[in-house]
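Trainee: The structure file upload-v3.tsv (TSV, C-alpha atoms) is provided below.
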```
chain	number	residue	atom	x	y	z
F	1	MET	CA	-52.87	-5.32	-29.45
F	2	LYS	CA	-50.63	-7.33	-27.16
F	3	VAL	CA	-46.93	-7.13	-28.01
F	4	PRO	CA	-45.33	-10.61	-28.03
F	5	ARG	CA	-42.49	-11.09	-25.60
F	6	ARG	CA	-39.06	-11.91	-26.82
F	7	PRO	CA	-37.84	-15.41	-25.84
F	8	ILE	CA	-35.07	-13.99	-23.61
F	9	HIS	CA	-37.54	-11.83	-21.67
F	10	ALA	CA	-39.94	-14.77	-21.33
F	11	ILE	CA	-37.17	-16.97	-19.92
F	12	THR	CA	-36.06	-14.18	-17.57
F	13	LEU	CA	-39.59	-13.73	-16.23
F	14	TRP	CA	-39.94	-17.50	-15.76
F	15	VAL	CA	-36.68	-17.68	-13.79
F	16	ARG	CA	-37.75	-14.76	-11.58
F	17	ARG	CA	-40.91	-16.63	-10.57
F	18	GLN	CA	-39.01	-19.71	-9.47
F	19	PRO	CA	-38.30	-20.40	-5.77
F	20	LEU	CA	-34.77	-19.97	-4.41
F	21	LYS	CA	-33.96	-23.69	-4.52
F	22	MET	CA	-34.94	-23.89	-8.19
F	23	LYS	CA	-32.81	-20.83	-8.99
F	24	ALA	CA	-29.85	-22.45	-7.22
F	25	PHE	CA	-30.41	-25.67	-9.18
F	26	LEU	CA	-30.59	-23.76	-12.46
F	27	GLY	CA	-27.36	-21.95	-11.57
F	28	VAL	CA	-25.53	-25.21	-10.86
F	29	LEU	CA	-26.97	-26.79	-14.01
F	30	SER	CA	-25.86	-23.82	-16.13
F	31	THR	CA	-22.35	-24.06	-14.66
F	32	ILE	CA	-22.12	-27.79	-15.43
F	33	ILE	CA	-23.36	-27.27	-18.99
F	34	SER	CA	-20.84	-24.45	-19.50
F	35	LEU	CA	-18.00	-26.65	-18.24
F	36	VAL	CA	-19.04	-29.51	-20.53
F	37	LEU	CA	-19.18	-27.18	-23.54
F	38	LEU	CA	-15.73	-25.76	-22.72
F	39	TYR	CA	-14.35	-29.29	-22.29
F	40	VAL	CA	-15.66	-30.29	-25.73
F	41	MET	CA	-14.86	-27.07	-27.61
F	42	VAL	CA	-11.49	-26.10	-26.09
F	43	HIS	CA	-8.91	-28.85	-26.55
F	44	ASP	CA	-6.00	-26.99	-24.98
F	45	HIS	CA	-7.35	-26.11	-21.55
F	46	ASN	CA	-4.34	-23.89	-20.81
F	47	LYS	CA	-5.90	-21.41	-23.22
F	48	LEU	CA	-8.69	-20.90	-20.70
F	49	PHE	CA	-6.19	-19.53	-18.18
F	50	VAL	CA	-4.75	-17.19	-20.83
F	51	ALA	CA	-8.31	-16.14	-21.70
F	52	ALA	CA	-9.01	-15.44	-18.01
F	53	GLU	CA	-6.00	-13.13	-17.78
F	54	ALA	CA	-6.98	-11.44	-21.05
F	55	VAL	CA	-10.55	-10.81	-19.80
F	56	HIS	CA	-9.12	-9.37	-16.57
F	57	ALA	CA	-6.99	-7.02	-18.68
F	58	ILE	CA	-10.09	-6.02	-20.65
F	59	GLY	CA	-11.85	-5.24	-17.37
F	60	ILE	CA	-9.00	-2.94	-16.36
F	61	ALA	CA	-9.20	-1.30	-19.80
F	62	VAL	CA	-12.89	-0.58	-19.13
F	63	LEU	CA	-11.90	1.11	-15.87
F	64	ILE	CA	-9.30	3.24	-17.62
F	65	TYR	CA	-11.87	4.31	-20.20
F	66	LYS	CA	-14.29	5.25	-17.39
F	67	LEU	CA	-11.67	7.33	-15.60
F	68	MET	CA	-10.62	9.12	-18.77
F	69	LYS	CA	-14.13	9.77	-20.08
F	70	GLU	CA	-16.01	10.63	-16.89
F	71	ARG	CA	-13.09	12.06	-14.90
F	72	SER	CA	-14.62	10.40	-11.86
F	73	CYS	CA	-13.78	7.33	-9.79
F	74	ALA	CA	-17.11	7.23	-7.93
F	75	GLY	CA	-18.14	3.67	-7.18
F	76	LEU	CA	-14.63	2.24	-7.40
F	77	SER	CA	-12.77	0.64	-4.51
F	78	LEU	CA	-9.20	1.84	-4.11
F	79	LYS	CA	-8.61	-1.02	-1.68
F	80	SER	CA	-9.57	-3.64	-4.26
F	81	GLN	CA	-7.21	-2.06	-6.78
F	82	GLU	CA	-4.36	-2.07	-4.27
F	83	LEU	CA	-5.01	-5.71	-3.36
F	84	THR	CA	-5.08	-6.53	-7.08
F	85	ALA	CA	-1.72	-4.80	-7.55
F	86	CYS	CA	-0.30	-6.80	-4.61
F	87	PHE	CA	-1.27	-10.23	-5.93
F	88	LEU	CA	-0.26	-9.30	-9.49
F	89	ALA	CA	3.18	-8.16	-8.26
F	90	ALA	CA	3.62	-11.41	-6.32
F	91	ARG	CA	2.50	-13.49	-9.31
F	92	LEU	CA	4.71	-11.51	-11.67
F	93	TYR	CA	7.73	-12.16	-9.44
F	94	CYS	CA	6.98	-15.90	-9.46
F	95	SER	CA	6.38	-15.85	-13.21
F	96	PHE	CA	9.72	-14.14	-13.91
F	97	VAL	CA	11.61	-16.58	-11.70
F	98	ILE	CA	9.82	-19.85	-12.45
F	99	GLU	CA	8.32	-19.94	-15.95
F	100	TYR	CA	8.48	-16.63	-17.93
F	101	ASP	CA	5.86	-17.11	-20.67
F	102	VAL	CA	2.79	-15.37	-22.11
F	103	HIS	CA	1.31	-15.17	-18.60
F	104	THR	CA	4.23	-12.96	-17.60
F	105	PHE	CA	3.44	-10.44	-20.34
F	106	LEU	CA	-0.29	-10.38	-19.52
F	107	ASP	CA	0.38	-9.97	-15.80
F	108	LEU	CA	2.86	-7.17	-16.45
F	109	ALA	CA	0.41	-5.29	-18.68
F	110	THR	CA	-2.41	-5.72	-16.15
F	111	LEU	CA	-0.18	-4.63	-13.25
F	112	ILE	CA	0.89	-1.45	-15.07
F	113	ALA	CA	-2.74	-0.63	-15.87
F	114	THR	CA	-3.79	-1.32	-12.27
F	115	LEU	CA	-1.05	0.95	-10.91
F	116	TRP	CA	-2.26	3.70	-13.26
F	117	VAL	CA	-5.82	3.28	-11.93
F	118	ILE	CA	-4.51	3.51	-8.34
F	119	TYR	CA	-2.58	6.68	-9.23
F	120	MET	CA	-5.68	8.27	-10.77
F	121	ILE	CA	-7.88	7.45	-7.78
F	122	ARG	CA	-5.31	8.57	-5.19
F	123	PHE	CA	-4.20	11.80	-6.82
F	124	LYS	CA	-5.96	13.01	-9.99
F	125	LEU	CA	-9.56	12.06	-9.12
F	126	LYS	CA	-9.33	12.06	-5.34
F	127	ALA	CA	-12.28	14.45	-4.96
F	128	SER	CA	-14.71	11.90	-6.43
F	129	TYR	CA	-13.37	8.92	-4.44
F	130	MET	CA	-16.05	7.56	-2.10
F	131	GLY	CA	-13.76	6.75	0.80
F	132	GLU	CA	-16.56	6.45	3.34
F	133	LYS	CA	-18.14	3.67	1.24
F	134	ASP	CA	-14.82	1.89	0.72
F	135	ASN	CA	-14.78	0.69	4.32
F	136	PHE	CA	-13.72	-2.97	4.11
F	137	LYS	CA	-10.92	-3.78	6.58
F	138	VAL	CA	-8.21	-5.11	4.24
F	139	LEU	CA	-6.13	-6.40	7.15
F	140	TYR	CA	-8.84	-9.03	7.62
F	141	LEU	CA	-7.89	-10.27	4.15
F	142	VAL	CA	-4.13	-9.69	3.94
F	143	VAL	CA	-3.09	-11.12	7.33
F	144	PRO	CA	-4.95	-14.45	6.93
F	145	CYS	CA	-3.55	-14.78	3.38
F	146	ILE	CA	0.01	-14.26	4.69
F	147	LEU	CA	-0.44	-16.77	7.52
F	148	LEU	CA	-2.11	-19.28	5.22
F	149	SER	CA	0.66	-18.95	2.62
F	150	ILE	CA	3.28	-19.67	5.30
F	151	MET	CA	1.43	-22.78	6.50
F	152	ILE	CA	0.16	-24.13	3.16
F	153	HIS	CA	2.22	-23.55	0.01
F	154	PRO	CA	3.61	-25.50	-2.98
F	155	THR	CA	6.38	-28.00	-2.40
F	156	PRO	CA	8.50	-28.30	-5.60
F	157	ALA	CA	12.18	-28.73	-4.75
F	158	ARG	CA	13.38	-26.41	-7.54
F	159	VAL	CA	11.56	-23.44	-6.00
F	160	SER	CA	12.95	-21.59	-2.98
F	161	PHE	CA	10.93	-21.22	0.23
F	162	LEU	CA	10.38	-17.47	-0.39
F	163	GLN	CA	9.09	-18.14	-3.89
F	164	ARG	CA	6.68	-20.75	-2.52
F	165	ILE	CA	5.32	-18.19	-0.05
F	166	PHE	CA	4.83	-15.59	-2.78
F	167	TRP	CA	3.19	-18.16	-5.04
F	168	ALA	CA	0.69	-19.19	-2.36
F	169	PHE	CA	0.09	-15.59	-1.27
F	170	CYS	CA	-0.93	-14.46	-4.75
F	171	VAL	CA	-3.34	-17.42	-5.09
F	172	TYR	CA	-5.05	-16.71	-1.76
F	173	LEU	CA	-5.16	-12.92	-2.13
F	174	GLU	CA	-6.56	-13.08	-5.65
F	175	ALA	CA	-9.47	-15.17	-4.35
F	176	VAL	CA	-10.65	-12.37	-2.01
F	177	SER	CA	-9.28	-9.19	-3.62
F	178	VAL	CA	-12.64	-8.20	-5.08
F	179	LEU	CA	-14.46	-8.16	-1.71
F	180	PRO	CA	-13.81	-4.43	-1.01
F	181	GLN	CA	-15.25	-3.57	-4.44
F	182	LEU	CA	-18.34	-5.63	-3.72
F	183	ARG	CA	-18.70	-3.88	-0.36
F	184	VAL	CA	-18.61	-0.46	-2.06
F	185	MET	CA	-21.31	-1.53	-4.51
F	186	GLN	CA	-23.40	-2.94	-1.69
F	187	ASN	CA	-23.09	0.34	0.23
F	188	ILE	CA	-24.23	2.49	-2.69
F	189	LYS	CA	-26.83	-0.07	-3.92
F	190	ILE	CA	-26.73	1.20	-7.53
F	191	VAL	CA	-23.84	0.30	-9.83
F	192	GLU	CA	-23.24	2.45	-12.93
F	193	PRO	CA	-22.46	0.73	-16.27
F	194	PHE	CA	-18.65	1.02	-16.43
F	195	THR	CA	-18.11	-0.31	-12.91
F	196	GLY	CA	-20.66	-3.05	-13.54
F	197	ASN	CA	-18.91	-4.06	-16.76
F	198	TYR	CA	-15.57	-4.16	-14.95
F	199	VAL	CA	-16.80	-6.39	-12.12
F	200	PHE	CA	-18.67	-8.64	-14.56
F	201	ALA	CA	-15.42	-9.02	-16.53
F	202	LEU	CA	-13.74	-10.10	-13.28
F	203	GLY	CA	-16.51	-12.65	-12.79
F	204	VAL	CA	-16.01	-14.06	-16.29
F	205	ALA	CA	-12.23	-14.17	-15.73
F	206	ARG	CA	-12.70	-16.00	-12.43
F	207	PHE	CA	-15.02	-18.53	-14.07
F	208	LEU	CA	-12.59	-19.21	-16.93
F	209	SER	CA	-9.72	-19.62	-14.47
F	210	CYS	CA	-11.76	-22.01	-12.33
F	211	ALA	CA	-12.86	-23.90	-15.45
F	212	HIS	CA	-9.20	-24.25	-16.45
F	213	TRP	CA	-8.33	-26.00	-13.18
F	214	VAL	CA	-11.45	-28.18	-13.08
F	215	LEU	CA	-11.13	-29.33	-16.70
F	216	GLN	CA	-7.40	-29.93	-16.35
F	217	MET	CA	-8.10	-32.09	-13.31
F	218	VAL	CA	-10.72	-34.06	-15.24
F	219	ALA	CA	-8.49	-34.44	-18.30
F	220	THR	CA	-5.56	-35.70	-16.22
F	221	ARG	CA	-7.83	-37.86	-14.01
F	222	GLY	CA	-6.56	-36.14	-10.91
F	223	GLY	CA	-2.95	-36.08	-12.09
F	224	LEU	CA	-2.95	-32.28	-11.98
F	225	LEU	CA	-3.34	-32.32	-8.21
F	226	VAL	CA	-0.35	-34.64	-7.91
F	227	SER	CA	1.78	-32.39	-10.16
F	228	LEU	CA	0.99	-29.37	-7.96
F	229	GLY	CA	2.69	-30.97	-4.98
F	230	THR	CA	1.76	-32.80	-1.83
F	231	GLY	CA	-0.14	-32.06	1.37
F	232	PHE	CA	-2.95	-29.50	1.55
F	233	TRP	CA	-1.65	-27.26	-1.26
F	234	PRO	CA	-3.35	-28.94	-4.28
F	235	PRO	CA	-6.88	-28.89	-2.80
F	236	MET	CA	-6.30	-25.33	-1.51
F	237	VAL	CA	-5.53	-24.13	-5.05
F	238	LEU	CA	-8.76	-25.63	-6.32
F	239	LEU	CA	-10.68	-24.27	-3.32
F	240	ALA	CA	-9.30	-20.75	-3.92
F	241	GLU	CA	-10.46	-20.89	-7.55
F	242	ILE	CA	-13.94	-22.02	-6.51
F	243	VAL	CA	-14.19	-19.37	-3.77
F	244	GLN	CA	-13.28	-16.48	-6.06
F	245	THR	CA	-15.82	-17.69	-8.63
F	246	PHE	CA	-18.68	-17.93	-6.15
F	247	VAL	CA	-17.74	-14.62	-4.50
F	248	LEU	CA	-18.75	-12.90	-7.75
F	249	ALA	CA	-21.64	-15.21	-8.65
F	250	ASP	CA	-24.32	-13.09	-6.95
F	251	PHE	CA	-23.25	-9.88	-8.66
F	252	CYS	CA	-23.02	-11.57	-12.07
F	253	TYR	CA	-26.58	-12.84	-11.61
F	254	TYR	CA	-27.91	-9.32	-10.94
F	255	TYR	CA	-25.77	-7.91	-13.76
F	256	VAL	CA	-27.21	-10.34	-16.32
F	257	LYS	CA	-30.68	-9.77	-14.90
F	258	SER	CA	-30.30	-5.99	-15.37
F	259	VAL	CA	-28.91	-6.33	-18.90
F	260	LEU	CA	-31.72	-8.67	-19.99
F	261	GLY	CA	-34.20	-6.26	-18.45
F	262	GLY	CA	-32.79	-3.39	-20.52
F	263	GLN	CA	-31.47	-1.48	-17.49
F	264	LEU	CA	-28.27	0.57	-17.77
F	265	VAL	CA	-27.47	0.33	-14.06
F	266	VAL	CA	-27.34	-2.68	-11.76
F	267	ARG	CA	-29.48	-2.44	-8.64
F	268	LEU	CA	-28.33	-4.63	-5.78
F	269	PRO	CA	-30.70	-5.74	-3.03
F	270	ALA	CA	-29.53	-5.93	0.57
F	271	GLY	CA	-27.47	-8.97	1.49
F	272	VAL	CA	-25.67	-9.59	-1.81
F	273	VAL	CA	-22.31	-9.09	-0.10
```
Could you rewrite the structure in this file as structure tokens?

Mentor:
Amino acid sequence: MKVPRRPIHAITLWVRRQPLKMKAFLGVLSTIISLVLLYVMVHDHNKLFVAAEAVHAIGIAVLIYKLMKERSCAGLSLKSQELTACFLAARLYCSFVIEYDVHTFLDLATLIATLWVIYMIRFKLKASYMGEKDNFKVLYLVVPCILLSIMIHPTPARVSFLQRIFWAFCVYLEAVSVLPQLRVMQNIKIVEPFTGNYVFALGVARFLSCAHWVLQMVATRGGLLVSLGTGFWPPMVLLAEIVQTFVLADFCYYYVKSVLGGQLVVRLPAGVV
């Protein structure tokens, strides 16, 4: 007797059979539908940014649970964690000086947790760290972000030049900070559940953050870009949000595909990163 397929499995199989162009179209369509639903359901779009930071914190909590339970940091990128600590420290400095609100508390909690993860990888669980797989050259990320932040940064008069540089630096670095982690996963090809959950949480956080900016721009009819300042800075902020969302899009696709297929690990084909 033939066992009937569940609707989710049937949809998954149908998507797998589609050509690349159709998959890309379905991805764009899903993104648009998600943005429309968020626009209708969430009236205060600033809550999306808070939700993004909260999801990031949850992702870090998943990492901490992994490190405490398995006593292993295999599959994790120390370089990504250090880049994350750098942009969080820069953003926390700006938050303390400029606004000091709920974002400050969330950033502080996430920074403390990230520093703890770095400490565990560097000292307590060093034997399980896969240093040979964590081979992304971070200078290729940090130096361009520094140069870009000097050339293109916010322009509000009430903020000092140094604070503008830090503000821009954290925006640019956040957009690319996950690349070393993606390189590690690409090198090992198989991603265990905790690491996969952590990176997927980052993907969700990036999407919510990007949705916050896009929906705010729509709601203000472009007024948000004007409020951010003049010159190239406003479009660069939006571009950074879009880049960090699409950087994780491939992994999130394979993560969802693995979960719907009932697999505990995520298997990445060549060329994802």

Trainee: Restricting the calculation to all atoms listed in the file, which member of F:Val247, F:Ile121, F:Cys170, F:Leu106 is positioned closest to Ala54 in chain F?

Mentor: F:Leu106

Trainee: Show me a table, sorted first by chain and then by increasing residue number, of the residues of range 40-98 of chain F having an atom at most 9 Å from range 111-117 of chain F, each with its shortest atom pair and the distance in Å to one decimal, counting all atoms listed in the file and written as JSON lines.

Mentor:
```
{"residue": "F:Ala57", "atom": "CA", "partner": "F:Ala113", "partner_atom": "CA", "distance": 8.2}
{"residue": "F:Ile60", "atom": "CA", "partner": "F:Ala113", "partner_atom": "CA", "distance": 6.7}
{"residue": "F:Ala61", "atom": "CA", "partner": "F:Ala113", "partner_atom": "CA", "distance": 7.6}
{"residue": "F:Leu63", "atom": "CA", "partner": "F:Val117", "partner_atom": "CA", "distance": 7.6}
{"residue": "F:Ile64", "atom": "CA", "partner": "F:Val117", "partner_atom": "CA", "distance": 6.7}
{"residue": "F:Leu67", "atom": "CA", "partner": "F:Val117", "partner_atom": "CA", "distance": 8.0}
{"residue": "F:Leu78", "atom": "CA", "partner": "F:Val117", "partner_atom": "CA", "distance": 8.6}
{"residue": "F:Gln81", "atom": "CA", "partner": "F:Thr114", "partner_atom": "CA", "distance": 6.5}
{"residue": "F:Glu82", "atom": "CA", "partner": "F:Leu115", "partner_atom": "CA", "distance": 8.0}
{"residue": "F:Thr84", "atom": "CA", "partner": "F:Thr114", "partner_atom": "CA", "distance": 7.5}
{"residue": "F:Ala85", "atom": "CA", "partner": "F:Leu111", "partner_atom": "CA", "distance": 5.9}
{"residue": "F:Cys86", "atom": "CA", "partner": "F:Leu111", "partner_atom": "CA", "distance": 8.9}
{"residue": "F:Leu88", "atom": "CA", "partner": "F:Leu111", "partner_atom": "CA", "distance": 6.0}
{"residue": "F:Ala89", "atom": "CA", "partner": "F:Leu111", "partner_atom": "CA", "distance": 7.0}
{"residue": "F:Leu92", "atom": "CA", "partner": "F:Leu111", "partner_atom": "CA", "distance": 8.6}
```

Trainee: Name the closest residue to Gly75 in chain F among the candidates F:Tyr255, F:Tyr129, F:Phe200, F:Phe232; distances are taken between atoms, counting only C-alpha atoms.

Mentor: F:Tyr129

Trainee: Find the residue from F:Ala74, F:Val237, F:Ala168, F:Cys145 that sits nearest to Ala127 in chain F; use all atoms listed in the file when measuring.

Mentor: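 Closest residue, counting all atoms listed in the file: F:Ala74.
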
Trainee: Show me, as JSON lines, the residues of range 18-135 of chain F having an atom within 9 Å of range 185-189 of chain F, each with the closest atom pair and its distance in Å, using only C-alpha atoms.

Mentor:
```
{"residue": "F:Gly75", "atom": "CA", "partner": "F:Met185", "partner_atom": "CA", "distance": 6.6}
{"residue": "F:Leu76", "atom": "CA", "partner": "F:Met185", "partner_atom": "CA", "distance": 8.2}
{"residue": "F:Ser77", "atom": "CA", "partner": "F:Met185", "partner_atom": "CA", "distance": 8.8}
{"residue": "F:Lys133", "atom": "CA", "partner": "F:Asn187", "partner_atom": "CA", "distance": 6.1}
{"residue": "F:Asp134", "atom": "CA", "partner": "F:Asn187", "partner_atom": "CA", "distance": 8.4}
```
